[in-house]
Structures are given as structure tokens and as C-alpha cells.
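Enquirer: Before we start, here is the structure in question, set down as C-alpha cells.
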Amino acid sequence: MIANHVAVGQYVGVASWFNFLVETIDNIEDVARYIPYVGPVFSQAEAWVDNINEVAVQPGMEIAVRATDLVNNALSMSQDIMAYASSATMIESLNDVIKVNDNQASLDAIAAPTLANTLFNDWRGFQGDFNRQDNSGRYNDFYKVILNSRDPFMKNRSHEWPFPFTIDIISFCFLGMSMNYWTKQAGGTDLVNNGRYDPETWTSMDTLSWHKEWFKKSLFSSGCRRSELEIGWGAAHAGEDKDTGQFRSRQYYGRSRMINRDASNRARYNESEFNNAYGGIYDFYSIKKINKSNDAPPVTIVVSKSINDIQSSKSLNIGTINEATTKEVDINIEEHLQVPRNQQSSASKARIYYYRANDLWKNSKFEYGNLYNPYWQNTLSDIDNNQRRDLLLLLASFNLAGA
């Protein structure tokens, strides 16, 4: 789901960048058309890029956003189904593992109460369903993981064009002269939270401006100033119907509002809207309580096997039944042994914990258990005295019931 949310942001970023490209070539063509030989080139380029943007890029990005959003919605709805299905198939999976190791052994009914408590209480209490109305911090974690998963193009595509488009030398504007100018391109794609009830918005902007340094002298103040000439701008958004004009933070869009302020104000007039194509962050599963133990609820099982299927001194007729073989030594230790239910049982407990090895990439950071990464592991664990007592009581009750 996280990768799909990021993919939607990428589609919005591509739509914004192509809108910006069309506007930039169109504005340059307005000037270049008067230049012999150069004008026709830009006129053809403008028509070609504008046609690709309208016919292929913008419709294609909207279709991609809708398709990805449908997949995310389906994944969200399937989480509950998968959670209950996993619980239901766990018993079958355990039996399959047991049969692979010993075809005559089976999962004992004694383990049923323990397993039922693990599946329907412990595990349901360990993980749960969350959405944007969550107050536990799990939604904020999910939201930040999406933002941190953006690639460099999405996070910040702002840069300054090199020479000869930019000249930045020692300034002499205080003497009334300056050769300094800068060509700056800015842009980025952000996921904006719109509160507890409205879907999030993927919003993107791209701008290009030429900045000139000059000296301003007036009656009240004098000093170096910079002016901005807007060259290109474009934007796009998906989700809640809010255009770039409603997101004024200077930290958005690769700080475009700080770098190219005037061009950024124009972007909303060249913006693609994929409003209902994206439903925002749908319900997702996560761990309810995070702690440094990084342990999930353990799983305890009891495996039983008929005493008649176990090789022993009795089944091999060794001991008092076949005294000639054993001389005068009686080794039939089961002669007077009473085996409850005529079965032999063994209990096992698995510890489930989260751990990511850092042998190759050393760092001192601690990673809490989560459902975003697959580093869940298991190992055998000791069965404490309380659990031994409970299992023995169950065994005794089964024996009294004649099970």
C-alpha cells in the first residue's frame, strides 16, 4: 500500500512537470517567434509537446492514479479478510508441519483453548485497523513512512541552472552596476493531510524564473534588489479538491514559493485536477502498541501420538515378555505404567520477534517492530511454570472426561 501511495504521488509529479514544460515552451515561443529560423523551431516544439501532454500524458496519469487507487482500496478491504483467514488456516498449517515431521502425530485438542486465546485475543490485541482518525500515533507513522519513501524527484527537484544561464560573481550593485543573474528551477511533490475527515491530497508544482540583481535608489531607501521574470509554471493534484493556491507553506514544492515566488503564484492557473481519482489513505493494519521488546504474542502447541505408535520396550517385546533375550534383567519400564488417554504428548512454545540484522550496515539506531518490513523471526522459547500447570490441568480434565 505504501508503494502504491508513493506511485500516485509520482503520477501527480509527472503531470505537473509536463504542464510546466508546455507553459515554459509556450512562453519562450512567444518571444522566439520573432527570431528568424529560431521561431519556427519553438513553434513546432510547442505544438508537439502540447499535443503529447493533452492526448497522452494527462489522461494517462489520471488513469494510472485511478487504477492504483482501486488497488489500494482493494488491499485495504482485504486486510480484515486476510487477518481472519490467517487465523483460520493457522491450525491447518500447524498440522501440515507436524505431519511432515511425523505422519502418526497430530495437534492435540488440549492446545485448543491456548491457541484460541492466542488467535482471537492476543493477536487481535497486538495488531489492528487504523485510519486518519487515529489518536495513537499509528496514522502519523504511516503518513511519515509514505513521505519518507518519496524519491529525489518527488522530494525536491529544485536547482539552479549553470553558466551561461546563471552568472554569480562579486556584486557591485551598490555602485549602481551588476552583472549577476540567476535562472532557477524549483519543484516538488507533497502529500498534505487535510484533517480527520477529508482525504489527503497529493499536490505538485514546478516553476522556472530568471532573477536579476539591480540597485534601487529612492528617497526613503536604497539598496540591492532582485527582480523575478517568470518563464514557466505548472501544477497538479489528486485527492481532496485543493489546488496549489491553498497550500502556502514555503516548505512545500521544493521551496518553490521561496525560490520563484511570482511563478509559484501562477501555477494554480495551469494545474491538472485528479480530484476523485485518489481516495487518500485507506484503512491499514499496524501494531497497536510499540515497545522495545519487539515481541509478538507467542504460540504454544501440544502434539500427541498414540503410545502404540511409539517404539518402546513394550512394543518391541523387550523385558519380561522376552526374558531369554534380556537374560535376567527386566527392562520393561512400562509394565505397570499408566499412560493418560493412551497417548504421549509434548508441548512446544514459539517466540515471535522482530529483528533486522545490521552486520553489513552498522548503525546504532533501534528499529521498533512494524508491519512495513518482513524482518519477523521465530525461535523456541521456554514454557513457564504457570503454563505447564495449565496444560497439566487440561490434560487431567481430558483424562477424566475419557477423551
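Identifiers in the C-alpha cells: chain A, B, ... in order shown; residue index from 1 per chain; ligand index from 1 in order shown.
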Do you know which residues are at most 10 Å from stretch 92-100 of chain A counting only C-alpha atoms, after dropping those on the same chain fewer than 6 positions away, and could you put them as a list in words?

Expert: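 That gives Ser86, Ser106, Leu107, Asp108, Ile301 and Val303 of chain A.
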
Enquirer: I need the chosen residues saved as a CSV table (one decimal), in the first residue's frame, with C-alpha atoms.

Expert:
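Now in part.csv:
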chain,number,residue,atom,x,y,z
A,86,SER,CA,-4.8,-16.4,8.6
A,106,SER,CA,-1.2,-34.7,15.4
A,107,LEU,CA,-2.1,-31.4,17.0
A,108,ASP,CA,-3.8,-32.2,20.3
A,301,ILE,CA,1.0,-26.1,20.9
A,303,VAL,CA,1.5,-32.5,19.8

Enquirer: Within 10 Å of A:Phe142, counting only C-alpha atoms, which residues show up once you throw out same-chain ones fewer than 3 positions away? Write them as a count of residues only, please.

Expert: 16

Enquirer: Please return, as number ranges by chain, all residues of stretch 108-292 of chain A that DSSP assigns to strand (DSSP E) on the basis of the backbone.

Expert: A: 127-130, 159-160, 181-192, 201-217, 222-239, 271-274, 284-287

Enquirer: Quick one: pull the distance between atom CA of A:Met1 and atom CA of A:Phe120, Å, one decimal.

Expert: 25.3 Å

Enquirer: Within 12 Å of A:Ala357, counting only C-alpha atoms, which residues show up once you throw out same-chain ones fewer than 5 positions away? Write them as a ChimeraX atom specification, please.

Expert: /A:362-367,374-377
